[in-house]
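So this one's input-v2.cif, mmCIF, C-alpha atoms:
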```cif
data_query
#
loop_
_atom_site.label_atom_id
_atom_site.label_comp_id
_atom_site.auth_asym_id
_atom_site.auth_seq_id
_atom_site.Cartn_x
_atom_site.Cartn_y
_atom_site.Cartn_z
CA MET A 22 97.58 103.99 83.20
CA LYS A 23 100.61 105.41 84.96
CA HIS A 24 100.94 106.50 88.55
CA LYS A 25 98.11 108.81 89.54
CA LYS A 26 97.42 110.70 92.74
CA PHE A 27 94.03 110.29 94.37
CA SER A 28 91.64 112.89 92.93
CA TYR A 29 88.23 111.21 92.94
CA LYS A 30 85.20 113.35 93.66
CA SER A 31 82.79 110.42 93.72
CA LEU A 32 82.71 106.67 93.98
CA GLU A 33 81.59 106.57 90.35
CA GLU A 34 84.85 108.23 89.26
CA LEU A 35 86.80 105.57 91.12
CA LYS A 36 84.73 102.83 89.48
CA LYS A 37 85.46 104.36 86.08
CA ASP A 38 89.21 104.06 86.62
CA MET A 39 88.71 100.50 87.82
CA GLU A 40 86.98 99.73 84.53
CA LEU A 41 89.77 101.37 82.50
CA LEU A 42 92.33 99.31 84.42
CA ASN A 43 90.26 96.12 84.12
CA LEU A 44 90.00 95.73 87.90
CA ASN A 45 87.01 94.08 89.55
CA PHE A 46 87.44 94.12 93.31
CA PRO A 47 84.05 94.26 95.05
CA ILE A 48 82.27 97.42 96.19
CA ASP A 49 79.03 97.60 98.19
CA ASP A 50 77.04 100.66 99.23
CA ASP A 51 75.67 98.92 102.34
CA ILE A 52 78.49 98.97 104.88
CA SER A 53 76.50 97.56 107.82
CA VAL A 54 78.41 94.26 107.55
CA LEU A 55 81.48 96.04 108.96
CA ARG A 56 79.72 96.53 112.30
CA GLU A 57 79.17 92.81 112.76
CA GLU A 58 80.83 90.87 115.54
CA VAL A 59 83.40 88.21 114.61
CA LYS A 60 83.73 85.08 116.73
CA GLU A 61 87.17 83.69 117.44
CA GLY A 62 86.84 80.58 119.57
CA ASP A 63 85.25 81.61 122.85
CA LYS A 64 86.07 85.27 122.23
CA VAL A 65 84.01 87.85 120.38
CA ILE A 66 85.66 90.60 118.32
CA PRO A 67 83.25 93.57 118.49
CA ASN A 68 83.44 94.53 114.78
CA ARG A 69 85.42 93.84 111.61
CA PHE A 70 87.87 96.74 111.88
CA VAL A 71 91.57 96.12 112.55
CA ILE A 72 94.32 98.55 113.50
CA HIS A 73 97.37 97.25 111.64
CA PRO A 74 100.72 96.99 113.49
CA MET A 75 102.43 100.31 112.74
CA GLU A 76 105.57 101.28 114.65
CA GLY A 77 105.86 104.71 116.19
CA ALA A 78 109.54 104.43 117.20
CA ASP A 79 108.67 106.14 120.47
CA ALA A 80 109.36 103.54 123.15
CA ASN A 81 111.63 104.28 126.07
CA SER A 82 115.22 103.09 125.81
CA ASP A 83 114.47 100.08 128.05
CA GLY A 84 111.72 98.93 125.67
CA THR A 85 108.74 100.06 127.73
CA PRO A 86 105.97 102.09 126.06
CA GLY A 87 106.82 105.78 125.94
CA GLU A 88 104.45 108.70 126.44
CA LEU A 89 103.65 108.91 122.73
CA THR A 90 103.21 105.14 122.52
CA LEU A 91 100.59 105.24 125.24
CA ARG A 92 98.85 108.20 123.66
CA ARG A 93 98.63 106.36 120.34
CA TYR A 94 97.09 103.24 121.86
CA ARG A 95 94.71 105.30 123.99
CA ARG A 96 93.47 106.90 120.76
CA TYR A 97 93.11 103.50 119.11
CA ALA A 98 91.16 102.25 122.12
CA GLU A 99 88.82 105.22 121.96
CA GLY A 100 88.59 104.89 118.16
CA GLY A 101 86.31 101.86 118.15
CA ALA A 102 88.22 99.21 116.17
CA GLY A 103 87.32 95.69 117.22
CA LEU A 104 90.89 94.40 116.92
CA ILE A 105 94.03 96.33 117.82
CA TRP A 106 97.20 94.72 116.45
CA PHE A 107 100.04 96.14 118.51
CA GLU A 108 103.17 97.14 116.67
CA ALA A 109 106.37 95.11 116.37
CA VAL A 110 107.82 94.18 119.77
CA ALA A 111 111.30 92.65 119.95
CA VAL A 112 111.73 89.23 121.56
CA ASN A 113 115.36 89.83 122.52
CA GLU A 114 117.85 92.69 122.68
CA SER A 115 119.63 91.82 119.44
CA GLY A 116 116.32 91.71 117.60
CA ARG A 117 115.37 95.34 118.26
CA GLY A 118 114.99 97.38 115.11
CA ASN A 119 116.28 100.47 116.91
CA GLU A 120 116.73 101.80 120.42
CA LEU A 121 113.15 103.17 120.38
CA GLN A 122 111.43 99.89 119.50
CA LEU A 123 109.28 98.17 122.10
CA TYR A 124 110.91 95.19 123.83
CA LEU A 125 109.02 92.68 125.97
CA ASN A 126 111.03 91.03 128.75
CA GLU A 127 110.83 90.30 132.49
CA ASN A 128 111.72 93.90 133.33
CA THR A 129 109.17 95.48 131.01
CA VAL A 130 106.18 93.14 131.26
CA ASP A 131 104.46 95.19 133.99
CA ALA A 132 104.53 98.27 131.75
CA PHE A 133 102.92 96.25 128.94
CA LYS A 134 100.26 95.01 131.34
CA ASP A 135 99.50 98.59 132.36
CA MET A 136 99.15 99.51 128.67
CA VAL A 137 96.76 96.61 128.02
CA ASP A 138 94.66 97.54 131.05
CA MET A 139 94.53 101.17 129.91
CA VAL A 140 93.43 100.17 126.40
CA ARG A 141 90.61 97.98 127.68
CA GLN A 142 89.40 100.66 130.09
CA LYS A 143 89.49 103.48 127.53
CA ALA A 144 87.64 101.31 125.01
CA LYS A 145 84.85 100.69 127.51
CA GLU A 146 84.62 104.37 128.36
CA ALA A 147 84.35 105.33 124.70
CA MET A 148 82.31 102.49 123.22
CA GLY A 149 80.30 101.05 126.12
CA GLU A 150 80.84 98.78 129.09
CA ASP A 151 80.42 95.61 127.01
CA PHE A 152 82.97 96.67 124.38
CA SER A 153 86.26 94.78 124.65
CA PRO A 154 88.71 94.93 121.72
CA TYR A 155 90.69 91.84 120.81
CA LEU A 156 94.38 92.58 121.36
CA VAL A 157 97.23 91.04 119.34
CA ILE A 158 100.90 91.70 120.08
CA GLN A 159 103.33 91.38 117.17
CA LEU A 160 106.51 89.57 118.25
CA THR A 161 109.51 90.13 116.01
CA HIS A 162 113.19 89.96 115.33
CA ALA A 163 114.24 92.78 113.00
CA GLY A 164 117.02 90.75 111.40
CA ARG A 165 119.09 92.69 108.85
CA PHE A 166 117.00 95.81 109.47
CA GLY A 167 117.87 95.93 113.17
CA GLU A 168 120.73 97.63 114.96
CA LYS A 169 122.76 94.39 115.01
CA LYS A 170 122.05 93.68 111.32
CA ASN A 171 121.57 89.94 111.87
CA LEU A 172 120.91 88.04 108.67
CA LEU A 173 120.49 84.51 107.36
CA VAL A 174 121.80 84.83 103.80
CA LEU A 175 123.55 87.51 101.78
CA ASN A 176 121.54 89.06 98.96
CA GLU A 177 122.84 92.18 97.23
CA LEU A 178 119.42 93.75 96.59
CA VAL A 179 118.23 93.61 100.19
CA ASP A 180 121.74 94.00 101.62
CA ASN A 181 122.08 97.37 99.92
CA ALA A 182 118.75 98.52 101.38
CA ALA A 183 119.90 97.44 104.84
CA ARG A 184 123.51 98.66 104.37
CA ILE A 185 124.92 95.20 104.98
CA SER A 186 128.61 94.57 104.40
CA PRO A 187 129.33 91.66 101.98
CA ASP A 188 131.61 90.07 104.59
CA LYS A 189 128.87 89.98 107.25
CA GLU A 190 128.58 86.53 108.83
CA PRO A 191 125.06 84.99 108.88
CA MET A 192 123.48 83.81 112.12
CA THR A 193 124.26 80.26 113.13
CA ASP A 194 121.76 77.43 113.46
CA GLU A 195 122.43 77.44 117.20
CA GLU A 196 121.42 81.09 117.41
CA LEU A 197 118.21 80.34 115.54
CA GLU A 198 117.41 77.43 117.86
CA GLN A 199 117.72 79.83 120.79
CA LEU A 200 115.50 82.33 118.97
CA GLU A 201 112.67 79.78 118.94
CA ASN A 202 112.85 79.80 122.74
CA ASP A 203 112.97 83.61 122.81
CA TYR A 204 109.63 83.68 120.99
CA LEU A 205 108.23 81.20 123.50
CA LYS A 206 109.47 83.29 126.41
CA ALA A 207 107.97 86.45 124.94
CA ALA A 208 104.64 84.69 124.33
CA LYS A 209 104.49 83.68 127.99
CA LEU A 210 105.05 87.31 128.96
CA ALA A 211 102.41 88.45 126.46
CA LYS A 212 99.92 86.14 128.14
CA GLU A 213 100.91 87.56 131.52
CA ALA A 214 100.40 91.09 130.19
CA GLY A 215 96.85 90.27 129.10
CA PHE A 216 97.01 90.04 125.30
CA ASP A 217 94.54 87.78 123.50
CA ALA A 218 96.97 86.63 120.81
CA VAL A 219 100.60 86.69 119.71
CA ASP A 220 101.60 87.36 116.11
CA ILE A 221 104.80 85.62 115.07
CA LYS A 222 105.75 88.21 112.46
CA ALA A 223 106.83 86.80 109.09
CA CYS A 224 106.58 89.72 106.70
CA HIS A 225 108.51 92.58 105.06
CA ARG A 226 111.83 90.68 105.05
CA TYR A 227 112.45 90.89 108.75
CA LEU A 228 114.15 87.77 110.11
CA LEU A 229 111.37 85.14 109.92
CA SER A 230 110.26 86.53 106.58
CA GLU A 231 113.83 86.31 105.28
CA ASN A 232 114.02 82.73 106.50
CA LEU A 233 111.12 81.75 104.23
CA ALA A 234 113.30 82.83 101.30
CA ALA A 235 116.60 81.30 102.51
CA HIS A 236 116.98 78.97 99.51
CA THR A 237 120.75 79.45 99.41
CA ARG A 238 121.37 78.86 103.13
CA GLU A 239 122.92 75.61 104.30
CA GLY A 240 121.89 73.76 107.44
CA LYS A 241 118.52 72.91 108.94
CA TYR A 242 117.05 76.40 108.47
CA GLY A 243 117.77 76.77 104.76
CA GLY A 244 117.39 75.19 101.35
CA SER A 245 114.28 72.99 101.31
CA TYR A 246 110.76 74.21 102.01
CA GLU A 247 110.70 72.19 105.23
CA ASN A 248 113.90 73.83 106.43
CA ARG A 249 112.92 77.38 105.44
CA THR A 250 109.61 77.18 107.32
CA ARG A 251 111.12 75.40 110.35
CA LEU A 252 111.84 78.47 112.48
CA LEU A 253 108.35 79.92 112.11
CA LYS A 254 106.59 76.61 112.67
CA ASN A 255 108.78 75.56 115.58
CA ALA A 256 108.12 78.86 117.36
CA LEU A 257 104.39 78.39 116.85
CA LYS A 258 104.47 74.77 118.02
CA LYS A 259 106.37 75.62 121.21
CA ILE A 260 103.97 78.43 122.06
CA SER A 261 100.92 76.28 121.31
CA GLU A 262 102.21 73.54 123.63
CA GLU A 263 103.05 75.79 126.57
CA VAL A 264 100.97 78.98 126.43
CA ASP A 265 97.19 79.38 126.49
CA ILE A 266 97.06 82.22 123.99
CA ASP A 267 95.76 82.54 120.42
CA LEU A 268 98.23 82.39 117.55
CA ALA A 269 98.41 84.81 114.64
CA VAL A 270 100.84 85.46 111.79
CA ARG A 271 101.30 88.57 109.66
CA LEU A 272 102.60 86.91 106.53
CA ASN A 273 104.25 87.98 103.30
CA THR A 274 102.39 86.30 100.46
CA PHE A 275 105.32 87.10 98.17
CA ASP A 276 108.48 89.23 98.25
CA SER A 277 108.74 90.50 94.64
CA ILE A 278 112.44 89.49 94.82
CA PRO A 279 113.58 86.95 92.19
CA TYR A 280 114.24 83.32 93.17
CA PRO A 281 116.46 82.09 94.80
CA TYR A 282 116.39 85.12 97.12
CA GLY A 283 112.64 85.69 97.25
CA TRP A 284 109.63 83.99 98.84
CA GLY A 285 106.62 83.23 96.65
CA THR A 286 108.43 84.28 93.48
CA ASP A 287 109.97 82.79 90.36
CA LYS A 288 113.37 83.58 88.83
CA ASP A 289 111.97 86.78 87.27
CA GLY A 290 110.48 88.04 90.51
CA ASN A 291 106.93 87.24 89.42
CA GLU A 292 104.46 85.78 91.89
CA ASP A 293 104.55 82.02 92.47
CA HIS A 294 102.08 81.22 95.24
CA SER A 295 102.57 77.47 95.52
CA GLU A 296 104.64 77.64 98.73
CA PRO A 297 102.69 80.45 100.44
CA LYS A 298 99.44 78.54 99.84
CA ARG A 299 100.99 75.40 101.29
CA LEU A 300 102.28 77.31 104.30
CA VAL A 301 98.96 78.91 105.24
CA ARG A 302 97.27 75.51 105.16
CA GLU A 303 99.96 74.19 107.50
CA LEU A 304 99.66 77.23 109.75
CA GLU A 305 95.96 76.52 110.14
CA GLU A 306 96.77 72.93 111.08
CA LEU A 307 99.18 74.27 113.71
CA GLY A 308 96.33 76.24 115.29
CA VAL A 309 96.92 79.72 113.86
CA LYS A 310 93.66 81.63 114.32
CA ILE A 311 94.35 84.79 112.29
CA ILE A 312 96.49 85.52 109.23
CA ASN A 313 97.15 89.16 108.36
CA VAL A 314 98.08 89.50 104.70
CA SER A 315 100.99 91.57 103.38
CA ALA A 316 103.65 91.50 100.64
CA ALA A 317 107.12 92.71 99.59
CA THR A 318 109.22 95.02 101.77
CA PRO A 319 108.95 98.80 102.18
CA TYR A 320 112.74 99.02 102.05
CA VAL A 321 112.87 97.89 98.42
CA TYR A 322 109.38 97.80 96.86
CA ALA A 323 107.33 100.16 99.00
CA HIS A 324 104.56 100.66 96.43
CA ILE A 325 103.66 96.95 96.66
CA THR A 326 103.53 96.90 100.45
CA ARG A 327 101.46 100.10 100.60
CA PRO A 328 100.12 101.90 97.52
CA TYR A 329 100.77 105.64 97.88
CA ASP A 330 100.60 109.10 96.33
CA GLN A 331 103.74 110.59 97.83
CA PRO A 332 107.04 108.68 97.80
CA GLY A 333 108.33 110.65 100.81
CA LYS A 334 111.71 109.52 102.06
CA LEU A 335 111.35 106.25 100.12
CA GLY A 336 112.41 108.27 97.12
CA TYR A 337 110.65 106.92 94.04
CA GLU A 338 107.41 107.39 92.15
CA ALA A 339 105.39 104.19 91.95
CA PRO A 340 105.64 102.51 88.52
CA GLU A 341 101.91 101.73 88.45
CA HIS A 342 98.51 103.25 89.16
CA PRO A 343 97.86 102.86 92.92
CA LEU A 344 94.55 101.12 92.21
CA ILE A 345 96.57 98.27 90.70
CA GLY A 346 98.44 97.98 93.99
CA VAL A 347 95.19 98.09 95.97
CA ASN A 348 93.73 95.37 93.76
CA ARG A 349 96.85 93.22 94.17
CA LEU A 350 96.67 93.29 97.97
CA LEU A 351 92.94 92.63 98.02
CA CYS A 352 93.35 89.67 95.67
CA LEU A 353 96.16 88.26 97.81
CA GLY A 354 93.79 88.27 100.77
CA LYS A 355 91.18 86.48 98.66
CA MET A 356 93.76 83.90 97.59
CA ILE A 357 94.76 83.15 101.18
CA LYS A 358 91.14 83.03 102.34
CA GLU A 359 90.33 80.40 99.71
CA GLU A 360 93.03 78.09 101.13
CA LEU A 361 91.64 78.12 104.67
CA LYS A 362 88.71 76.56 106.49
CA ASP A 363 88.30 78.47 109.75
CA THR A 364 91.30 80.77 110.15
CA LEU A 365 90.35 84.45 110.00
CA VAL A 366 91.97 86.57 107.30
CA VAL A 367 92.68 90.28 107.72
CA GLY A 368 92.51 92.09 104.40
CA THR A 369 95.07 94.77 103.53
CA GLY A 370 95.34 97.65 101.07
CA PHE A 371 92.54 100.05 102.01
CA SER A 372 94.23 103.28 103.10
CA TRP A 373 94.82 104.70 99.60
CA LEU A 374 91.07 104.55 98.98
CA ARG A 375 90.50 107.23 101.62
CA HIS A 376 86.82 107.79 102.50
CA TYR A 377 85.70 105.28 99.85
CA ALA A 378 87.46 102.46 101.70
CA PRO A 379 84.36 101.39 103.70
CA TYR A 380 82.48 100.55 100.50
CA VAL A 381 85.31 98.40 99.21
CA ALA A 382 85.73 96.86 102.66
CA ALA A 383 82.05 95.94 102.77
CA GLY A 384 82.30 94.35 99.34
CA VAL A 385 85.39 92.40 100.34
CA VAL A 386 83.66 90.97 103.42
CA LYS A 387 80.38 90.19 101.64
CA GLU A 388 82.18 88.43 98.79
CA GLY A 389 84.26 86.38 101.23
CA TRP A 390 87.64 87.85 100.29
CA ALA A 391 88.50 88.53 103.96
CA ASN A 392 86.91 88.35 107.40
CA MET A 393 88.28 91.58 108.77
CA ILE A 394 89.54 94.89 107.39
CA GLY A 395 92.94 96.32 108.34
CA PHE A 396 94.04 99.95 108.23
CA GLY A 397 97.68 100.96 108.75
CA ARG A 398 98.60 104.51 107.74
CA GLN A 399 94.94 105.47 107.99
CA SER A 400 94.91 104.54 111.66
CA PHE A 401 97.95 106.73 112.32
CA ALA A 402 96.28 109.78 110.83
CA TYR A 403 92.70 108.93 111.78
CA PRO A 404 92.61 106.66 114.86
CA ASP A 405 88.83 107.00 115.29
CA PHE A 406 87.95 105.99 111.71
CA ALA A 407 86.12 102.88 112.95
CA ARG A 408 83.98 104.83 115.38
CA ASP A 409 82.98 107.29 112.67
CA ILE A 410 81.98 104.46 110.33
CA ILE A 411 80.04 102.70 113.10
CA GLU A 412 78.27 105.79 114.43
CA LYS A 413 78.06 108.05 111.34
CA ASN A 414 78.11 105.48 108.53
CA GLU A 415 81.02 107.24 106.85
CA MET A 416 84.60 108.49 107.17
CA ASP A 417 85.34 112.19 107.44
CA PRO A 418 87.27 113.31 104.30
CA LYS A 419 88.94 116.05 106.37
CA LYS A 420 90.54 113.51 108.71
CA ILE A 421 91.85 110.93 106.27
CA CYS A 422 95.45 109.96 105.56
CA THR A 423 96.62 111.32 102.21
CA THR A 424 99.18 108.48 101.75
#
```

As a first step, turn the structure in this file into C-alpha cells.
Amino acid sequence: MKHKKFSYKSLEELKKDMELLNLNFPIDDDISVLREEVKEGDKVIPNRFVIHPMEGADANSDGTPGELTLRRYRRYAEGGAGLIWFEAVAVNESGRGNELQLYLNENTVDAFKDMVDMVRQKAKEAMGEDFSPYLVIQLTHAGRFGEKKNLLVLNELVDNAARISPDKEPMTDEELEQLENDYLKAAKLAKEAGFDAVDIKACHRYLLSENLAAHTREGKYGGSYENRTRLLKNALKKISEEVDIDLAVRLNTFDSIPYPYGWGTDKDGNEDHSEPKRLVRELEELGVKIINVSAATPYVYAHITRPYDQPGKLGYEAPEHPLIGVNRLLCLGKMIKEELKDTLVVGTGFSWLRHYAPYVAAGVVKEGWANMIGFGRQSFAYPDFARDIIEKNEMDPKKICTT
C-alpha cells in the first residue's frame, strides 16, 4: 500500500489495514496500564506518559527560556504526563542550533531553575499535591545543523541538507575533548537547576549522533567502533563520576544512510543493528537509566523519524504507508528493550495514530516492547493528552495533532 492519510473511523478499520500490510504491533482495549507508576531508582515516575523533547525555537537570545517556552512547559506540567523531557539545550555557544535555542550556562542557570520550580508547582496544582513529574533535560551540540556548522566528517547527502561547503574543515580531536568537559559542566548546572536526569543527545545526526557514524574520520574519535562511541561514553562517564544525577540517552537506532556514512546501516542503507545493540548494552553498564528510541534524521528522511500525513516544509510525500513507519519505530523500541536488563525504554511513533494511540501504547507496554510511551508532535498540539487519558480514559479527537 502506498502513502495514505489517516482516515480511520474505528479501531477495526485500522486493524484491517494492519492485516493488509502484514503488521502485528500489539493493541489492547484496556489502557489502565498507562496510569501505572514507574520506579526509577529511588524516584517514582507518576505514570507511563512522556513528553518528547520538541524544540520551540522561542528562547531569548541569551539562551534563557522565553515567554512562549515557559507557556509551553506550564501546559505540559498541567497536562499530566509523568515524565517531561525538556527540549534540546546547547552545552556551549558554538553548539546552539540557532539564536533562539536554549543554552544552559552560569549566566542562565537561575532562569532554568525558575522554570523547573514552576513546572513542579503547576503539576501539583493540576494533578494533586503528591504528583511530581520526572524531569529530563536534553543536552546537545547541534553540529552541522547549528549556526557554526561544526562537523566531524564530510558526507554529500547530509552536507547538502545542512548546506555545508565541501571545503569545510572538520572539528579537531582537541575540540572534541573539550566538548566532553562542556557536557560535564552543563550536567552540573542541570543538577543545580533541579532536573532529575540529563540526556546526552545522540540522535537525528546532530554532533554525537554523527560521531557514531564517523567511519571515515581519522584520529581517536573516528574509524573503529571504540573510537566512534568514545565521545558519548566519555561524556557519560565524566558526568557519572562527578554529578549525582540520572543519565539518559535519546539514541538513533539507525540512520538510513548507507555505510560508511551511516550508523546502524549496511552499504545499501538497510538496517544493521549489531552496533546499536552493542552500544545500548554498554550504555546500561555505564549507568544509563533511560533510553529514548529514535531513528534517521528529519533533514533527510523525515518519514522515518516521524510518520506523517502532510510533508509541510519538508517537501516530499512519504514513500510508504505511515503505518509501516509506526510499526518500524515500535519494533525498534522492542529490539532495544530486549537487549537491556533494567534500563527503561521510551517507545516512539505514536502521534500518527491520533486518538487510537492509547490502545497501541497499552499493548506495547503489556507486551514488554517499552516501559514508557513518548509523544512529540502530539504534545505540541495537545499538551494535556495524558490528563485526558488518565481522567477520561480517552483522547479527544478534536484536540489531536493531524501530523

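Here CA of Ala323 in chain A is placed at a distance of 24.5 Å from CA of Ala80 in chain A.
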
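A search radius of 10 Å centred on (112.7, 80.1, 104.6), applied to only C-alpha atoms, returns the residues Leu173, Ala223, Leu228, Leu229, Ser230, Glu231, Asn232, Leu233, Ala234, Ala235, His236, Thr237, Arg238, Tyr242, Gly243, Gly244, Ser245, Tyr246, Glu247, Asn248, Arg249, Thr250, Arg251, Leu252, Leu253, Tyr282, Gly283 and Trp284 of chain A.
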
*asked:* Could you list, as a list in words, every residue within 7 Å of Lys23 in chain A, counting all atoms listed in the file and ignoring same-chain residues fewer than 6 positions away?
replied: Pro340, Glu341 and His342 of chain A

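Here, the PyMOL selection byres ((chain A and resi 111) around 8) matches Ala109, Val110, Val112, Asn113, Glu114, Gly116, Arg117, Gly118, Gln122, Leu123, Tyr124, Leu125, Leu160, Thr161, His162 and Ala163 of chain A.
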
Now that the selection is made, can you save its residues with C-alpha atoms as an mmCIF file, keeping the file's coordinate frame?
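Writing done, so here's out.cif:
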```
data_model
loop_
_atom_site.group_PDB
_atom_site.id
_atom_site.type_symbol
_atom_site.label_atom_id
_atom_site.label_comp_id
_atom_site.auth_asym_id
_atom_site.auth_seq_id
_atom_site.Cartn_x
_atom_site.Cartn_y
_atom_site.Cartn_z
ATOM 1 C CA ALA A 109 106.370 95.110 116.370
ATOM 2 C CA VAL A 110 107.820 94.180 119.770
ATOM 3 C CA VAL A 112 111.730 89.230 121.560
ATOM 4 C CA ASN A 113 115.360 89.830 122.520
ATOM 5 C CA GLU A 114 117.850 92.690 122.680
ATOM 6 C CA GLY A 116 116.320 91.710 117.600
ATOM 7 C CA ARG A 117 115.370 95.340 118.260
ATOM 8 C CA GLY A 118 114.990 97.380 115.110
ATOM 9 C CA GLN A 122 111.430 99.890 119.500
ATOM 10 C CA LEU A 123 109.280 98.170 122.100
ATOM 11 C CA TYR A 124 110.910 95.190 123.830
ATOM 12 C CA LEU A 125 109.020 92.680 125.970
ATOM 13 C CA LEU A 160 106.510 89.570 118.250
ATOM 14 C CA THR A 161 109.510 90.130 116.010
ATOM 15 C CA HIS A 162 113.190 89.960 115.330
ATOM 16 C CA ALA A 163 114.240 92.780 113.000
#
```

*Check what the PyMOL selection byres ((chain A and resi 147) around 8) selects in the file above and give those residues as a list in words.*
Ala98, Glu99, Gly100, Gly101, Lys143, Ala144, Lys145, Glu146, Met148 and Gly149 of chain A

*Do you know which residues are at most 6 Å from Gly285 in chain A counting all atoms listed in the file, after dropping those on the same chain fewer than 5 positions away, and could you put them as JSON, numbers by chain?*
{"A": [275, 292, 293, 294]}

*A:Leu178, A:Val157, A:Leu197, A:Val140: which is nearest Asp220 in chain A, counting all atoms listed in the file?*
A:Val157
